[in-house]
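Participant: My structure is below; once you've seen it, I'll send some questions.
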Amino acid sequence: MSDLLSRLLETRDWLMADGATGTNLFNMGLSSGEAPEMWNIEEPDNIRKLYRGAVEAGSDIFLTNTFGGNASRLKLHGAANRVREINAAGVALAREVADAAGRPVVVAASIGPTGEIMAPMGSLTHEIAVEIFHEQAEALKDAGADVLWIETISAAEEFRAAAEAFARVDMPWCGTMSFDTAGRTMMGLTSAQMVAMVDKLANPPIAFGANCGVGAADLLRTVLGFVAAGPERPVIAKGNAGIPKYHDGHIHYDGTPELMAEYAVLARDAGATIIGGCCGTMPEHLKAMRHALETRPHGPRPTLDEIAGKLGGFSSASDGTGDDDAAQGRERRGRRRG
């Protein structure tokens, strides 16, 4: 393919993605319950600042502020009829920043879940889900995004619906799921099952992987699960900056820049090609990650014990793919750092 992300992947051993959107915007004054996507129109200077923070910290890829920009999510804010306007604004600001970077930087158009449960467990049909994703994807493509990037998905059915929608707009795409329930997605998918699903898609992504979840250690355990399943395409790792803590009325993540630098190197050595952060990951974390990736040599694939020793233990005994007894021992020896 001739898209920018594919070209970069052909010439680089690793690419660095960006960090948090919500955490950064809350620090700029976004209120709880407010739709971050509305800031694309109402607070454009803050969105430029968000994007520049990632680029100046060394990100090769950054995600647009369009995660909740589908009609299903926007209807909660009375804006279901503004999908095109809101997504176009988010991408326009991103293009402005990326095109001024002085180096190739990928504008990845963020697409989050619909917020509804897919049939047969819920009422959202495949056809409606495809249309919801198609509407947003079309707006993002027309505005000039380099690649579509669906993230934080928990249901295989929703991932498949997005893949079909992206085929309709003929755009390259990447996709990540969130493994936040004892090493599985909320809907029960394991890392190995995601690899099998992705490999069978008629319109597969350029790269796939995991984002968000619990902590950085858990996410790397999932990455090892991907790699063990022998995927055919690059793996994405976008882990949270430590563990969320409630303090003085706010959620804070306890991951230091030093811890995220360790995470980045471990992610690369574990087999991830696109490495970034998720919740709590600020520009200072990204700078440390970039420096570590550039200066620290490749090492052998880390073991679970090594990951737990450097990042803290895992939040659950296993990742749902087996070997529970061994994992139980590791979990007891290395509880997450508080």
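Chains: A, B, ... in order of the structure tokens. Residues: from 1 per chain. Ligands: from 1, in order shown.
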Which residues, written as a list in words, have at least one atom at most 10 Å from A:Gly213, with only C-alpha atoms counted and residues fewer than 4 positions away on the same chain left out?

Facilitator: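 In the requested format, the answer is Thr152, Met177, Ser178, Phe179, Asp180, Thr181, Ala182, Gly183, Arg184, Thr185, Met186, Asp218, Leu219, Thr222, Lys238, Gly239, Asn240, Ile243, Cys278 and Cys279 of chain A.
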
Participant: Where in stretch 25-187 of chain A does DSSP assign strand (DSSP E or B), given as JSON, numbers by chain?

Facilitator: {"A": [61, 62, 63, 106, 107, 108, 109, 110, 111, 118, 124, 147, 148, 149, 150, 151, 152, 153, 173, 174, 175, 176, 177, 181, 184]}

Participant: Kindly assemble as JSON lines a list of the stretch 99-212 of chain A residues that lie within 10 Å of stretch 70-89 of chain A, each paired with its nearest atom pair and their distance in Å to one decimal, using only C-alpha atoms, sorted first by chain and then by ascending residue number.

Facilitator:
{"residue": "A:Ala109", "atom": "CA", "partner": "A:Asn87", "partner_atom": "CA", "distance": 8.7}
{"residue": "A:Ser110", "atom": "CA", "partner": "A:Asn87", "partner_atom": "CA", "distance": 9.5}
{"residue": "A:Ile111", "atom": "CA", "partner": "A:Asn70", "partner_atom": "CA", "distance": 7.7}
{"residue": "A:Gly112", "atom": "CA", "partner": "A:Asn70", "partner_atom": "CA", "distance": 7.9}
{"residue": "A:Pro113", "atom": "CA", "partner": "A:Asn70", "partner_atom": "CA", "distance": 8.4}
{"residue": "A:Thr114", "atom": "CA", "partner": "A:Ser72", "partner_atom": "CA", "distance": 5.7}
{"residue": "A:Gly115", "atom": "CA", "partner": "A:Arg73", "partner_atom": "CA", "distance": 6.5}
{"residue": "A:Glu116", "atom": "CA", "partner": "A:Ser72", "partner_atom": "CA", "distance": 7.9}
{"residue": "A:Ala129", "atom": "CA", "partner": "A:Ser72", "partner_atom": "CA", "distance": 9.3}
{"residue": "A:Glu131", "atom": "CA", "partner": "A:Ala71", "partner_atom": "CA", "distance": 9.8}
{"residue": "A:Ile132", "atom": "CA", "partner": "A:Asn70", "partner_atom": "CA", "distance": 6.4}
{"residue": "A:Phe133", "atom": "CA", "partner": "A:Asn70", "partner_atom": "CA", "distance": 6.9}
{"residue": "A:His134", "atom": "CA", "partner": "A:Asn70", "partner_atom": "CA", "distance": 9.3}
{"residue": "A:Glu135", "atom": "CA", "partner": "A:Asn70", "partner_atom": "CA", "distance": 7.6}
{"residue": "A:Gln136", "atom": "CA", "partner": "A:Asn70", "partner_atom": "CA", "distance": 5.7}
{"residue": "A:Ala137", "atom": "CA", "partner": "A:Asn87", "partner_atom": "CA", "distance": 8.9}
{"residue": "A:Glu138", "atom": "CA", "partner": "A:Arg84", "partner_atom": "CA", "distance": 8.3}
{"residue": "A:Ala139", "atom": "CA", "partner": "A:Arg84", "partner_atom": "CA", "distance": 5.1}
{"residue": "A:Leu140", "atom": "CA", "partner": "A:Asn87", "partner_atom": "CA", "distance": 5.9}
{"residue": "A:Lys141", "atom": "CA", "partner": "A:Ala88", "partner_atom": "CA", "distance": 8.8}
{"residue": "A:Asp142", "atom": "CA", "partner": "A:Ala88", "partner_atom": "CA", "distance": 7.7}
{"residue": "A:Ala143", "atom": "CA", "partner": "A:Ala88", "partner_atom": "CA", "distance": 5.1}
{"residue": "A:Gly144", "atom": "CA", "partner": "A:Ala88", "partner_atom": "CA", "distance": 8.4}
{"residue": "A:Ala145", "atom": "CA", "partner": "A:Ala88", "partner_atom": "CA", "distance": 9.3}

Participant: Counting only C-alpha atoms, which residues of stretch 189-303 of chain A sit at most 12 Å from some atom of stretch 157-166 of chain A, and what is each one's closest atom pair with its distance in Å to one decimal, listed by chain and rising residue number, as a tab-separated table?

Facilitator:
residue	atom	partner	partner_atom	distance
A:Leu189	CA	A:Glu157	CA	10.8
A:Met194	CA	A:Phe159	CA	9.7
A:Met197	CA	A:Arg160	CA	8.5
A:Val198	CA	A:Arg160	CA	8.6
A:Asp199	CA	A:Arg160	CA	11.5
A:Lys200	CA	A:Arg160	CA	10.0
A:Leu201	CA	A:Arg160	CA	7.4
A:Ala202	CA	A:Glu164	CA	8.1
A:Asn203	CA	A:Ala163	CA	6.0
A:Pro204	CA	A:Ala163	CA	7.0
A:Pro205	CA	A:Ala163	CA	7.8
A:Ile206	CA	A:Ala163	CA	11.4
A:Phe208	CA	A:Phe159	CA	11.0

Participant: Among stretch 192-304 of chain A, which ones does DSSP place in helix (DSSP H, G or I), written as JSON, numbers by chain?

Facilitator: {"A": [192, 193, 194, 195, 196, 197, 198, 199, 200, 216, 217, 218, 219, 220, 221, 222, 223, 224, 225, 226, 227, 228, 257, 258, 259, 260, 261, 262, 263, 264, 265, 266, 267, 268, 269, 270, 283, 284, 285, 286, 287, 288, 289, 290, 291, 292, 293, 294, 295, 304]}

Participant: Considering only C-alpha atoms, return as an MDAnalysis selection string whatever protein or nucleic-acid residues lie within 9 Å of A:Leu5, sequence-local ones (same chain, fewer than 6 positions apart) excluded.

Facilitator: chainID A and resid 61 105:106 146:147 172 206

Participant: Could you take the residues named above and write them with N, CA, C and O atoms, as a tab-separated table (two decimals), in the first residue's frame?

Facilitator:
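So again_22.tsv came out as:
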chain	number	residue	atom	x	y	z
A	61	ILE	N	3.01	9.00	15.16
A	61	ILE	CA	1.57	8.83	14.89
A	61	ILE	C	0.83	9.52	16.03
A	61	ILE	O	1.20	9.34	17.20
A	105	VAL	N	4.57	12.61	9.86
A	105	VAL	CA	3.76	12.31	11.05
A	105	VAL	C	2.39	11.86	10.59
A	105	VAL	O	1.74	12.55	9.80
A	106	VAL	N	1.95	10.72	11.06
A	106	VAL	CA	0.69	10.12	10.64
A	106	VAL	C	-0.48	10.68	11.44
A	106	VAL	O	-0.46	10.63	12.68
A	146	ASP	N	-4.89	10.32	7.51
A	146	ASP	CA	-4.02	9.36	6.83
A	146	ASP	C	-4.51	7.93	6.99
A	146	ASP	O	-4.36	7.10	6.09
A	147	VAL	N	-5.05	7.63	8.16
A	147	VAL	CA	-5.46	6.26	8.47
A	147	VAL	C	-6.59	6.32	9.49
A	147	VAL	O	-6.65	7.24	10.32
A	172	PRO	N	-7.13	2.79	4.63
A	172	PRO	CA	-6.33	1.92	5.49
A	172	PRO	C	-6.73	2.15	6.94
A	172	PRO	O	-7.15	3.25	7.31
A	206	ILE	N	-3.96	-2.63	8.85
A	206	ILE	CA	-2.51	-2.56	8.65
A	206	ILE	C	-1.81	-3.14	9.88
A	206	ILE	O	-0.84	-3.88	9.78

Participant: Any idea what the distance is between atom CA of A:Pro44 and atom CA of A:Gly90?

Facilitator: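 Separation between atom CA of A:Pro44 and atom CA of A:Gly90: 8.5 Å.
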
Participant: Considering only C-alpha atoms, tabulate each residue of stretch 38-99 of chain A that lies at most 8 Å from stretch 18-22 of chain A along with its nearest interatomic pair and the corresponding distance in Å to one decimal; arrange the rows by chain and ascending residue number and present them as a tab-separated table.

Facilitator:
residue	atom	partner	partner_atom	distance
A:Leu50	CA	A:Thr21	CA	7.4
A:Ala54	CA	A:Asp18	CA	5.5
A:Val55	CA	A:Asp18	CA	7.9
A:Ser59	CA	A:Asp18	CA	5.5
A:Asp60	CA	A:Asp18	CA	7.8
A:Ile61	CA	A:Asp18	CA	6.3
A:Phe62	CA	A:Asp18	CA	4.9
A:Leu63	CA	A:Asp18	CA	6.9
A:Asn65	CA	A:Thr21	CA	7.0

Participant: Go through A:Glu127, A:Asp269, A:Glu56, A:Glu306 and flag the residue nearest A:Arg103, using only C-alpha atoms for the distances.

Facilitator: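 Closest candidate: A:Glu56.
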
Participant: Using only C-alpha atoms, pick whichever of A:Met171, A:Glu96, A:Ser315, A:Ile117 has the shortest atom-to-atom distance to A:Leu4.

Facilitator: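 Answer, going by the shortest atom-to-atom distance: A:Met171.
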